[in-house]
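S.K.: So that we are looking at the same thing, I have put the structure below in structure tokens.
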Amino acid sequence: QVQLVESGGGLVQAGGSLRLSCVASRPIFSINSMGWFRQVPGKQRELVAGITRSGTTNYADSVQGRFTISRNYAKNTVYLQMNSLKPEDTAVYYCNAEVSGSNYWGQGTQVTVSS
């Protein structure tokens with residue numbers, strides 16, 4: 001099992017930046033993969049960025065080149081650096097961890113981008 005706590009969301013103007021953090025309750029090197037998803041009301045949760053234990057990353061086409069996922073083993077934390085934010089990036093962002101075939105989620109953090 002793992003508990004995930006996100007932080008860093010907020011209100012930002014279009015073109016601005018935010019960095020989300022996700023702190024895990026266990027060493028992240030023991031987690032198969034971690035990622036950031038987002039969801040807006042009435043739509044399915046979608047993958048934004050992911051990182052595997054080996055360090056392989058993947059991104060949604062809509063954020064490629066603007067968002068960067070990274071991790072800090074010493075802090076058991078995964079980050080999502082979001083640059084050049086657009087109003088369509090507005091959503092609740094969730095941290096995800098896959099451990100032994102089970103998925104775990106944080107409580108979510110709201111990101112609002114004003115035009």
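Simple scheme: letters A, B, ... for chains in structure tokens order, numbers from 1 for residues in each chain, numbers from 1 for ligands in the order shown.
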Excluding same-chain residues fewer than 3 positions from Arg45 in chain A, what lies within 10 Å of it counting only C-alpha atoms, as a PDB file with all heavy atoms, in the first residue's frame?

M.R.:
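Written out: result_11.pdb:
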ATOM      1  N   PHE A  37      -2.550  12.437 -13.299  1.00  0.00           N
ATOM      2  CA  PHE A  37      -3.763  12.428 -14.098  1.00  0.00           C
ATOM      3  C   PHE A  37      -4.530  13.709 -13.805  1.00  0.00           C
ATOM      4  O   PHE A  37      -4.288  14.371 -12.807  1.00  0.00           O
ATOM      5  CB  PHE A  37      -4.634  11.217 -13.734  1.00  0.00           C
ATOM      6  CG  PHE A  37      -4.097   9.899 -14.188  1.00  0.00           C
ATOM      7  CD1 PHE A  37      -2.947   9.349 -13.622  1.00  0.00           C
ATOM      8  CD2 PHE A  37      -4.730   9.183 -15.192  1.00  0.00           C
ATOM      9  CE1 PHE A  37      -2.451   8.118 -14.043  1.00  0.00           C
ATOM     10  CE2 PHE A  37      -4.255   7.945 -15.611  1.00  0.00           C
ATOM     11  CZ  PHE A  37      -3.111   7.424 -15.029  1.00  0.00           C
ATOM     12  N   ARG A  38      -5.461  14.030 -14.675  1.00  0.00           N
ATOM     13  CA  ARG A  38      -6.326  15.173 -14.407  1.00  0.00           C
ATOM     14  C   ARG A  38      -7.750  14.856 -14.834  1.00  0.00           C
ATOM     15  O   ARG A  38      -7.979  14.010 -15.700  1.00  0.00           O
ATOM     16  CB  ARG A  38      -5.820  16.438 -15.110  1.00  0.00           C
ATOM     17  CG  ARG A  38      -5.855  16.403 -16.623  1.00  0.00           C
ATOM     18  CD  ARG A  38      -5.159  17.638 -17.177  1.00  0.00           C
ATOM     19  NE  ARG A  38      -5.183  17.666 -18.649  1.00  0.00           N
ATOM     20  CZ  ARG A  38      -4.512  18.553 -19.374  1.00  0.00           C
ATOM     21  NH1 ARG A  38      -3.759  19.485 -18.789  1.00  0.00           N
ATOM     22  NH2 ARG A  38      -4.577  18.513 -20.694  1.00  0.00           N
ATOM     23  N   GLN A  39      -8.665  15.570 -14.215  1.00  0.00           N
ATOM     24  CA  GLN A  39     -10.076  15.338 -14.501  1.00  0.00           C
ATOM     25  C   GLN A  39     -10.855  16.632 -14.393  1.00  0.00           C
ATOM     26  O   GLN A  39     -10.644  17.418 -13.462  1.00  0.00           O
ATOM     27  CB  GLN A  39     -10.651  14.309 -13.530  1.00  0.00           C
ATOM     28  CG  GLN A  39     -12.054  13.836 -13.871  1.00  0.00           C
ATOM     29  CD  GLN A  39     -12.472  12.644 -13.017  1.00  0.00           C
ATOM     30  OE1 GLN A  39     -11.975  12.439 -11.922  1.00  0.00           O
ATOM     31  NE2 GLN A  39     -13.394  11.844 -13.537  1.00  0.00           N
ATOM     32  N   VAL A  40     -11.737  16.835 -15.362  1.00  0.00           N
ATOM     33  CA  VAL A  40     -12.685  17.949 -15.316  1.00  0.00           C
ATOM     34  C   VAL A  40     -14.074  17.352 -15.180  1.00  0.00           C
ATOM     35  O   VAL A  40     -14.315  16.213 -15.593  1.00  0.00           O
ATOM     36  CB  VAL A  40     -12.582  18.851 -16.557  1.00  0.00           C
ATOM     37  CG1 VAL A  40     -11.203  19.495 -16.636  1.00  0.00           C
ATOM     38  CG2 VAL A  40     -12.871  18.078 -17.829  1.00  0.00           C
ATOM     39  N   PRO A  41     -15.008  18.101 -14.621  1.00  0.00           N
ATOM     40  CA  PRO A  41     -16.364  17.570 -14.415  1.00  0.00           C
ATOM     41  C   PRO A  41     -16.973  17.063 -15.716  1.00  0.00           C
ATOM     42  O   PRO A  41     -16.891  17.729 -16.752  1.00  0.00           O
ATOM     43  CB  PRO A  41     -17.127  18.766 -13.865  1.00  0.00           C
ATOM     44  CG  PRO A  41     -16.095  19.590 -13.186  1.00  0.00           C
ATOM     45  CD  PRO A  41     -14.862  19.444 -14.036  1.00  0.00           C
ATOM     46  N   GLY A  42     -17.551  15.881 -15.663  1.00  0.00           N
ATOM     47  CA  GLY A  42     -18.225  15.314 -16.820  1.00  0.00           C
ATOM     48  C   GLY A  42     -17.322  14.588 -17.791  1.00  0.00           C
ATOM     49  O   GLY A  42     -17.798  14.071 -18.799  1.00  0.00           O
ATOM     50  N   VAL A  48      -1.744  12.542 -17.701  1.00  0.00           N
ATOM     51  CA  VAL A  48      -0.992  13.736 -18.110  1.00  0.00           C
ATOM     52  C   VAL A  48       0.467  13.365 -18.330  1.00  0.00           C
ATOM     53  O   VAL A  48       1.058  13.685 -19.358  1.00  0.00           O
ATOM     54  CB  VAL A  48      -1.111  14.834 -17.047  1.00  0.00           C
ATOM     55  CG1 VAL A  48      -0.245  16.029 -17.407  1.00  0.00           C
ATOM     56  CG2 VAL A  48      -2.566  15.259 -16.861  1.00  0.00           C
ATOM     57  N   ALA A  91      -8.160  21.809 -14.231  1.00  0.00           N
ATOM     58  CA  ALA A  91      -8.663  20.487 -13.835  1.00  0.00           C
ATOM     59  C   ALA A  91      -8.241  20.212 -12.403  1.00  0.00           C
ATOM     60  O   ALA A  91      -7.439  20.965 -11.823  1.00  0.00           O
ATOM     61  CB  ALA A  91      -8.100  19.403 -14.754  1.00  0.00           C
ATOM     62  N   VAL A  92      -8.763  19.124 -11.862  1.00  0.00           N
ATOM     63  CA  VAL A  92      -8.218  18.573 -10.630  1.00  0.00           C
ATOM     64  C   VAL A  92      -7.135  17.574 -11.034  1.00  0.00           C
ATOM     65  O   VAL A  92      -7.394  16.691 -11.852  1.00  0.00           O
ATOM     66  CB  VAL A  92      -9.298  17.887  -9.778  1.00  0.00           C
ATOM     67  CG1 VAL A  92      -8.663  17.276  -8.522  1.00  0.00           C
ATOM     68  CG2 VAL A  92     -10.386  18.872  -9.394  1.00  0.00           C
ATOM     69  N   TYR A  93      -5.965  17.744 -10.472  1.00  0.00           N
ATOM     70  CA  TYR A  93      -4.829  16.891 -10.799  1.00  0.00           C
ATOM     71  C   TYR A  93      -4.626  15.874  -9.683  1.00  0.00           C
ATOM     72  O   TYR A  93      -4.584  16.232  -8.495  1.00  0.00           O
ATOM     73  CB  TYR A  93      -3.571  17.733 -10.999  1.00  0.00           C
ATOM     74  CG  TYR A  93      -3.560  18.456 -12.324  1.00  0.00           C
ATOM     75  CD1 TYR A  93      -4.438  19.509 -12.569  1.00  0.00           C
ATOM     76  CD2 TYR A  93      -2.697  18.072 -13.341  1.00  0.00           C
ATOM     77  CE1 TYR A  93      -4.451  20.164 -13.802  1.00  0.00           C
ATOM     78  CE2 TYR A  93      -2.695  18.709 -14.568  1.00  0.00           C
ATOM     79  CZ  TYR A  93      -3.574  19.748 -14.795  1.00  0.00           C
ATOM     80  OH  TYR A  93      -3.584  20.393 -16.018  1.00  0.00           O
ATOM     81  N   TYR A  94      -4.491  14.618 -10.081  1.00  0.00           N
ATOM     82  CA  TYR A  94      -4.341  13.515  -9.141  1.00  0.00           C
ATOM     83  C   TYR A  94      -3.001  12.816  -9.348  1.00  0.00           C
ATOM     84  O   TYR A  94      -2.603  12.549 -10.495  1.00  0.00           O
ATOM     85  CB  TYR A  94      -5.450  12.488  -9.338  1.00  0.00           C
ATOM     86  CG  TYR A  94      -6.835  12.985  -9.041  1.00  0.00           C
ATOM     87  CD1 TYR A  94      -7.620  13.548 -10.036  1.00  0.00           C
ATOM     88  CD2 TYR A  94      -7.375  12.877  -7.755  1.00  0.00           C
ATOM     89  CE1 TYR A  94      -8.907  14.003  -9.774  1.00  0.00           C
ATOM     90  CE2 TYR A  94      -8.659  13.325  -7.479  1.00  0.00           C
ATOM     91  CZ  TYR A  94      -9.411  13.894  -8.496  1.00  0.00           C
ATOM     92  OH  TYR A  94     -10.683  14.344  -8.226  1.00  0.00           O
TER      93      TYR A  94
END

S.K.: Report the residues of range 47-80 of chain A whose backbone DSSP state falls under strand (DSSP E or B), written as number ranges by chain.

M.R.: A: 47-52, 57-59, 67-72, 77-80

S.K.: What's the 6 Å shell around range 5-19 of chain A, counting only C-alpha atoms, without same-chain residues fewer than 6 positions away, as a ChimeraX atom specification?

M.R.: /A:80-86,106,109-115

S.K.: Go ahead and save the picked residues with N, CA and C atoms, as a compact mmCIF listing (two decimals), in the first residue's frame.

M.R.:
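New file result_22.txt:
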# COMPACT_ATOMS: atom_id res chain seq x y z
N LEU A 80 5.42 17.55 -10.88
CA LEU A 80 4.95 17.88 -12.22
C LEU A 80 5.16 19.38 -12.41
N GLN A 81 6.17 19.71 -13.20
CA GLN A 81 6.42 21.10 -13.54
C GLN A 81 5.57 21.46 -14.74
N MET A 82 4.72 22.45 -14.59
CA MET A 82 3.80 22.84 -15.65
C MET A 82 4.12 24.26 -16.08
N ASN A 83 4.54 24.41 -17.31
CA ASN A 83 4.87 25.71 -17.88
C ASN A 83 3.91 26.05 -19.02
N SER A 84 3.89 27.31 -19.38
CA SER A 84 3.04 27.77 -20.49
C SER A 84 1.61 27.26 -20.34
N LEU A 85 1.08 27.44 -19.16
CA LEU A 85 -0.24 26.91 -18.86
C LEU A 85 -1.32 27.57 -19.71
N LYS A 86 -2.32 26.77 -20.04
CA LYS A 86 -3.43 27.23 -20.86
C LYS A 86 -4.74 27.04 -20.08
N GLY A 106 -4.05 9.98 -4.87
CA GLY A 106 -4.09 11.05 -3.90
C GLY A 106 -5.47 11.69 -3.90
N THR A 109 -5.54 17.92 -6.40
CA THR A 109 -5.27 19.34 -6.17
C THR A 109 -5.79 20.12 -7.38
N GLN A 110 -6.50 21.20 -7.08
CA GLN A 110 -7.14 21.98 -8.15
C GLN A 110 -6.13 22.91 -8.82
N VAL A 111 -6.13 22.88 -10.13
CA VAL A 111 -5.36 23.83 -10.94
C VAL A 111 -6.34 24.61 -11.79
N THR A 112 -6.31 25.92 -11.67
CA THR A 112 -7.18 26.78 -12.45
C THR A 112 -6.34 27.79 -13.21
N VAL A 113 -6.51 27.82 -14.53
CA VAL A 113 -5.75 28.72 -15.38
C VAL A 113 -6.72 29.73 -15.97
N SER A 114 -6.52 31.00 -15.66
CA SER A 114 -7.41 32.04 -16.15
C SER A 114 -6.88 32.61 -17.46
N SER A 115 -7.79 33.03 -18.31
CA SER A 115 -7.39 33.56 -19.62
C SER A 115 -7.19 35.06 -19.58

S.K.: Between A:Gly50, A:Glu88, A:Trp105, A:Gln3, which residue has the minimum interatomic distance to Ser25 in chain A, considering only C-alpha atoms?

M.R.: A:Gln3

S.K.: Have a look at A:Ser100, A:Ser21, A:Gln1, A:Ser33 and name the one nearest to Asn58 in chain A; count only C-alpha atoms.

M.R.: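 Looking only at the distances to Asn58 in chain A, the closest residue turns out to be A:Ser33.
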
S.K.: Just the residues within 9 Å of range 68-75 of chain A, please, counting only C-alpha atoms, with nothing from its chain fewer than 6 positions along; format it as a list of chain:residue names.

M.R.: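 Close residues of range 68-75 of chain A: A:Val23, A:Ala24, A:Pro27, A:Ile28, A:Phe29, A:Gly35, A:Trp36, A:Ala49, A:Gly50, A:Ile51, A:Gly55, A:Thr57, A:Asn58, A:Tyr59, A:Gln81, A:Met82, A:Asn83.
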
S.K.: For each of A:Cys95, A:Cys22, A:Ile31, A:Leu4, take the minimum atom-to-atom distance to Arg53 in chain A, counting only C-alpha atoms, then give the residue where this is smallest.

M.R.: A:Ile31

S.K.: CA of Asn76 in chain A and CA of Asn96 in chain A are how many Å apart?

M.R.: 13.4 Å
